[in-house]
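All remarks here apply to the structure that follows.
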Amino acid sequence: MPNPDVSGREKVLKVHVRKVPLAPDVDLKVLARGTPGFSGADLMNLVNEAALMAARRNKRFVTHAEFEDAKDKIMMGAERRTMAMSEDEKKLTAYHEAGHAIIALKVAGIDPIHKATIIPRGRALGMVMTLPESDSYSFSREKALARLTMLFGGREAEIIKFGPEKVTSGASGDIQMATSLARSMVMEWGMSEKLGRVRYKSSDQEVFLGHSVTQSTNMSDDTARIIDQEVRKLIEDGEASAKEILTTYHDQWEAIARALLEYETLTGDELRALMEGKQPVRPDDNGPSAPKATGVPSAGKSGKKRPDAPPEGGLEPQPGS
């Protein structure tokens, strides 16, 4: 049985949250969009993990924040808030992720941005997450080129801000994904005019150790050389496009990086507001004001008055003896 699509995931989530007290801000449609490839068991695990997080945080209701944190934990590993990052590493990570984010916001063909964070999680020091509007089963050339541009946004941001000599290994995962994507475009998807609509990547692999040694390659040396040239061209075009966008929208990229350094995590709405010059507003930004209304009833309080309770406004004056 295949994994459910976005509509199916929403229905599965509705089944699993029946006995879970949900806060009003929980949006199962957003959760369904953000969990492509999840099976029914994965979705059940997501709900259970969110409920456990809410219990650890002494909440009587499970909010959308718990679901988001549970989803990120399942997909990318637990947060490593205790990881000691120097100020220089934190600043570099902020500008790196801001580079990815500004391209996600400005380039057509990329899924809507969902969040950006510089909180270490799993092996990553930060991440930018996009959410598809619906499940997609194919990759257009426009989307592939946009994805290549976004993947190089972090590395180009490091070069522009700190110089080529300060480039770190943080982009190794981006380079790996970009190379794999470019090779698929050239060797599998027929997106190279020089090579035409021919599949050069063999899917027939031996099922024993060392299959890469015995795997046959149905191409000449000249063809292999052209493939390398085409892959390199796609990579270099992606780098150039990323550099151009970062230069064009330099001020907005800087604004995202500064906001990440201050808040560590920004939602998609906050990132889009930054493009209009609006700074994120968090509940604590307005100083020590009145306590927030959470919509969650406080424990131990009852709406009924005791018969012997004093009237509102304090105790009545007692007659002197």
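In the structure tokens, the first chain shown is A, the next is B, and so on; residue numbers restart at 1 for each chain, and ligands run from 1 in the order shown.
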Quick one: residues within 6 Å of stretch 248-258 of chain A, only C-alpha atoms counted, chain neighbours fewer than 5 positions away excluded, as an mmCIF file with N, CA and C atoms, in the first residue's frame?
data_model
loop_
_atom_site.group_PDB
_atom_site.id
_atom_site.type_symbol
_atom_site.label_atom_id
_atom_site.label_comp_id
_atom_site.auth_asym_id
_atom_site.auth_seq_id
_atom_site.Cartn_x
_atom_site.Cartn_y
_atom_site.Cartn_z
ATOM 1 N N ALA A 94 23.964 32.068 10.443
ATOM 2 C CA ALA A 94 22.832 32.957 10.180
ATOM 3 C C ALA A 94 22.875 33.498 8.754
ATOM 4 N N TYR A 95 24.046 33.933 8.303
ATOM 5 C CA TYR A 95 24.151 34.466 6.942
ATOM 6 C C TYR A 95 24.008 33.348 5.900
ATOM 7 N N ALA A 98 20.308 32.584 5.807
ATOM 8 C CA ALA A 98 19.625 33.732 5.213
ATOM 9 C C ALA A 98 19.811 33.726 3.699
ATOM 10 N N ILE A 102 16.558 33.945 1.274
ATOM 11 C CA ILE A 102 16.241 35.036 0.351
ATOM 12 C C ILE A 102 15.992 34.493 -1.051
#
Find the spatial neighbours of stretch 232-244 of chain A, counting only C-alpha atoms, within a cut-off of 7 Å - ignore same-chain residues fewer than 2 positions away - and output them as a PyMOL selection string.
chain A and resi 145+148-150+152-153+156+182+228-230+246-248
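Proximity of A:Pro4, A:Lys19, A:His114, A:Thr265 to A:Gly126, computed with only C-alpha atoms, is greatest for A:Thr265.
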From the options A:Ile227, A:Ala32, A:Leu151, A:Leu22, which residue's atoms come nearest to A:Arg183, counting only C-alpha atoms?
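The shortest atom-to-atom distance to A:Arg183 comes from A:Ile227.
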Can you list, as a PDB file with N, CA and C atoms, in the first residue's frame, all residues belonging to stretch 60-112 of chain A that DSSP tags as helix (DSSP H, G or I)?
ATOM      1  N   HIS A  64       0.224  24.091  18.071  1.00  0.00           N
ATOM      2  CA  HIS A  64       0.877  23.871  16.778  1.00  0.00           C
ATOM      3  C   HIS A  64       2.395  23.831  16.930  1.00  0.00           C
ATOM      4  N   ALA A  65       2.913  24.555  17.920  1.00  0.00           N
ATOM      5  CA  ALA A  65       4.369  24.567  18.138  1.00  0.00           C
ATOM      6  C   ALA A  65       4.882  23.175  18.475  1.00  0.00           C
ATOM      7  N   GLU A  66       4.134  22.426  19.283  1.00  0.00           N
ATOM      8  CA  GLU A  66       4.555  21.058  19.629  1.00  0.00           C
ATOM      9  C   GLU A  66       4.557  20.160  18.393  1.00  0.00           C
ATOM     10  N   PHE A  67       3.553  20.316  17.536  1.00  0.00           N
ATOM     11  CA  PHE A  67       3.529  19.508  16.311  1.00  0.00           C
ATOM     12  C   PHE A  67       4.706  19.853  15.398  1.00  0.00           C
ATOM     13  N   GLU A  68       5.029  21.134  15.292  1.00  0.00           N
ATOM     14  CA  GLU A  68       6.159  21.544  14.456  1.00  0.00           C
ATOM     15  C   GLU A  68       7.471  20.987  15.009  1.00  0.00           C
ATOM     16  N   ASP A  69       7.646  21.096  16.333  1.00  0.00           N
ATOM     17  CA  ASP A  69       8.875  20.592  16.948  1.00  0.00           C
ATOM     18  C   ASP A  69       8.971  19.072  16.813  1.00  0.00           C
ATOM     19  N   ALA A  70       7.840  18.391  16.968  1.00  0.00           N
ATOM     20  CA  ALA A  70       7.841  16.932  16.839  1.00  0.00           C
ATOM     21  C   ALA A  70       8.175  16.524  15.408  1.00  0.00           C
ATOM     22  N   LYS A  71       7.618  17.240  14.428  1.00  0.00           N
ATOM     23  CA  LYS A  71       7.894  16.935  13.020  1.00  0.00           C
ATOM     24  C   LYS A  71       9.375  17.146  12.706  1.00  0.00           C
ATOM     25  N   ASP A  72       9.940  18.256  13.180  1.00  0.00           N
ATOM     26  CA  ASP A  72      11.360  18.524  12.933  1.00  0.00           C
ATOM     27  C   ASP A  72      12.244  17.479  13.601  1.00  0.00           C
ATOM     28  N   LYS A  73      11.853  17.028  14.782  1.00  0.00           N
ATOM     29  CA  LYS A  73      12.634  16.016  15.491  1.00  0.00           C
ATOM     30  C   LYS A  73      12.634  14.695  14.724  1.00  0.00           C
ATOM     31  N   ILE A  74      11.461  14.319  14.193  1.00  0.00           N
ATOM     32  CA  ILE A  74      11.357  13.060  13.452  1.00  0.00           C
ATOM     33  C   ILE A  74      12.146  13.143  12.139  1.00  0.00           C
ATOM     34  N   MET A  75      12.061  14.277  11.461  1.00  0.00           N
ATOM     35  CA  MET A  75      12.668  14.407  10.144  1.00  0.00           C
ATOM     36  C   MET A  75      14.163  14.710  10.194  1.00  0.00           C
ATOM     37  N   MET A  76      14.605  15.482  11.203  1.00  0.00           N
ATOM     38  CA  MET A  76      15.990  15.953  11.199  1.00  0.00           C
ATOM     39  C   MET A  76      16.753  15.704  12.486  1.00  0.00           C
ATOM     40  N   GLU A  87      30.402  32.765  18.674  1.00  0.00           N
ATOM     41  CA  GLU A  87      29.667  33.847  18.035  1.00  0.00           C
ATOM     42  C   GLU A  87      29.956  33.900  16.536  1.00  0.00           C
ATOM     43  N   ASP A  88      31.203  33.609  16.153  1.00  0.00           N
ATOM     44  CA  ASP A  88      31.558  33.622  14.737  1.00  0.00           C
ATOM     45  C   ASP A  88      30.810  32.515  13.973  1.00  0.00           C
ATOM     46  N   GLU A  89      30.714  31.321  14.583  1.00  0.00           N
ATOM     47  CA  GLU A  89      29.994  30.218  13.943  1.00  0.00           C
ATOM     48  C   GLU A  89      28.504  30.535  13.825  1.00  0.00           C
ATOM     49  N   LYS A  90      27.962  31.143  14.874  1.00  0.00           N
ATOM     50  CA  LYS A  90      26.546  31.495  14.864  1.00  0.00           C
ATOM     51  C   LYS A  90      26.265  32.546  13.783  1.00  0.00           C
ATOM     52  N   LYS A  91      27.144  33.529  13.665  1.00  0.00           N
ATOM     53  CA  LYS A  91      26.965  34.573  12.658  1.00  0.00           C
ATOM     54  C   LYS A  91      27.078  33.985  11.252  1.00  0.00           C
ATOM     55  N   LEU A  92      28.058  33.113  11.045  1.00  0.00           N
ATOM     56  CA  LEU A  92      28.242  32.495   9.734  1.00  0.00           C
ATOM     57  C   LEU A  92      27.026  31.642   9.358  1.00  0.00           C
ATOM     58  N   THR A  93      26.508  30.891  10.346  1.00  0.00           N
ATOM     59  CA  THR A  93      25.325  30.069  10.095  1.00  0.00           C
ATOM     60  C   THR A  93      24.116  30.929   9.751  1.00  0.00           C
ATOM     61  N   ALA A  94      23.964  32.068  10.443  1.00  0.00           N
ATOM     62  CA  ALA A  94      22.832  32.957  10.180  1.00  0.00           C
ATOM     63  C   ALA A  94      22.875  33.498   8.754  1.00  0.00           C
ATOM     64  N   TYR A  95      24.046  33.933   8.303  1.00  0.00           N
ATOM     65  CA  TYR A  95      24.151  34.466   6.942  1.00  0.00           C
ATOM     66  C   TYR A  95      24.008  33.348   5.900  1.00  0.00           C
ATOM     67  N   HIS A  96      24.501  32.150   6.236  1.00  0.00           N
ATOM     68  CA  HIS A  96      24.356  31.005   5.334  1.00  0.00           C
ATOM     69  C   HIS A  96      22.877  30.678   5.126  1.00  0.00           C
ATOM     70  N   GLU A  97      22.134  30.541   6.228  1.00  0.00           N
ATOM     71  CA  GLU A  97      20.711  30.202   6.115  1.00  0.00           C
ATOM     72  C   GLU A  97      19.907  31.349   5.517  1.00  0.00           C
ATOM     73  N   ALA A  98      20.308  32.584   5.807  1.00  0.00           N
ATOM     74  CA  ALA A  98      19.625  33.732   5.213  1.00  0.00           C
ATOM     75  C   ALA A  98      19.811  33.726   3.699  1.00  0.00           C
ATOM     76  N   GLY A  99      20.973  33.254   3.230  1.00  0.00           N
ATOM     77  CA  GLY A  99      21.200  33.135   1.795  1.00  0.00           C
ATOM     78  C   GLY A  99      20.236  32.172   1.145  1.00  0.00           C
ATOM     79  N   HIS A 100      20.023  31.014   1.784  1.00  0.00           N
ATOM     80  CA  HIS A 100      19.016  30.073   1.273  1.00  0.00           C
ATOM     81  C   HIS A 100      17.627  30.717   1.289  1.00  0.00           C
ATOM     82  N   ALA A 101      17.319  31.423   2.393  1.00  0.00           N
ATOM     83  CA  ALA A 101      15.972  31.952   2.584  1.00  0.00           C
ATOM     84  C   ALA A 101      15.627  33.028   1.553  1.00  0.00           C
ATOM     85  N   ILE A 102      16.558  33.945   1.274  1.00  0.00           N
ATOM     86  CA  ILE A 102      16.241  35.036   0.351  1.00  0.00           C
ATOM     87  C   ILE A 102      15.992  34.493  -1.051  1.00  0.00           C
ATOM     88  N   ILE A 103      16.704  33.432  -1.425  1.00  0.00           N
ATOM     89  CA  ILE A 103      16.482  32.828  -2.745  1.00  0.00           C
ATOM     90  C   ILE A 103      15.138  32.107  -2.780  1.00  0.00           C
ATOM     91  N   ALA A 104      14.784  31.433  -1.679  1.00  0.00           N
ATOM     92  CA  ALA A 104      13.476  30.777  -1.611  1.00  0.00           C
ATOM     93  C   ALA A 104      12.343  31.792  -1.730  1.00  0.00           C
ATOM     94  N   LEU A 105      12.580  33.008  -1.260  1.00  0.00           N
ATOM     95  CA  LEU A 105      11.549  34.041  -1.296  1.00  0.00           C
ATOM     96  C   LEU A 105      11.469  34.756  -2.644  1.00  0.00           C
ATOM     97  N   LYS A 106      12.577  34.770  -3.388  1.00  0.00           N
ATOM     98  CA  LYS A 106      12.644  35.601  -4.587  1.00  0.00           C
ATOM     99  C   LYS A 106      12.628  34.832  -5.900  1.00  0.00           C
TER     100      LYS A 106
END
In Å, with one decimal, what is the gap from atom CA of A:Ser169 to atom CA of A:Gly122?
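Interatomic distance here is 15.9 Å.
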Can you list, as a PDB file with C-alpha atoms, in the first residue's frame, every protein, DNA or RNA residue that comes within 7 Å of A:Val62 when you count only C-alpha atoms, leaving out same-chain residues fewer than 6 positions away?
ATOM      1  CA  PRO A  21      -6.689  17.916  23.491  1.00  0.00           C
ATOM      2  CA  LEU A  22      -5.778  20.359  20.701  1.00  0.00           C
ATOM      3  CA  ALA A  23      -5.234  24.098  20.987  1.00  0.00           C
ATOM      4  CA  ALA A  50       3.760  16.216  20.092  1.00  0.00           C
ATOM      5  CA  ALA A  51       1.603  15.106  23.034  1.00  0.00           C
ATOM      6  CA  ALA A  54       3.205  19.286  25.518  1.00  0.00           C
TER       7      ALA A  54
END
Pull the strand (DSSP E or B) assignments for stretch 92-151 of chain A out of DSSP run on the backbone, and list those residues as a PyMOL selection string.
chain A and resi 113-117+121+124+127-130
How far is it from atom CA of A:Gly173 to atom CA of A:Arg123, in Å with one decimal?
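According to the coordinates, atom CA of A:Gly173 and atom CA of A:Arg123 are separated by 10.1 Å.
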Applying 12 Å and only C-alpha atoms, which residues near stretch 40-43 of chain A remain after dropping the ones on its own chain fewer than 5 positions away? List them as an MDAnalysis selection string.
chainID A and resid 1:6 8:17 28 31:32 34:35 48:50 67 70:71 74:75
Of the listed residues A:Asn45, A:Thr267, A:Ser134, A:Thr63, that which approaches A:Lys29 most closely, counting only C-alpha atoms:
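Selected residue with least distance to A:Lys29: A:Ser134.
Comparing A:Gly109, A:Val20, A:Pro36, A:Phe139 by their smallest distance to A:Leu52, the closest is A:Val20 (using only C-alpha atoms).
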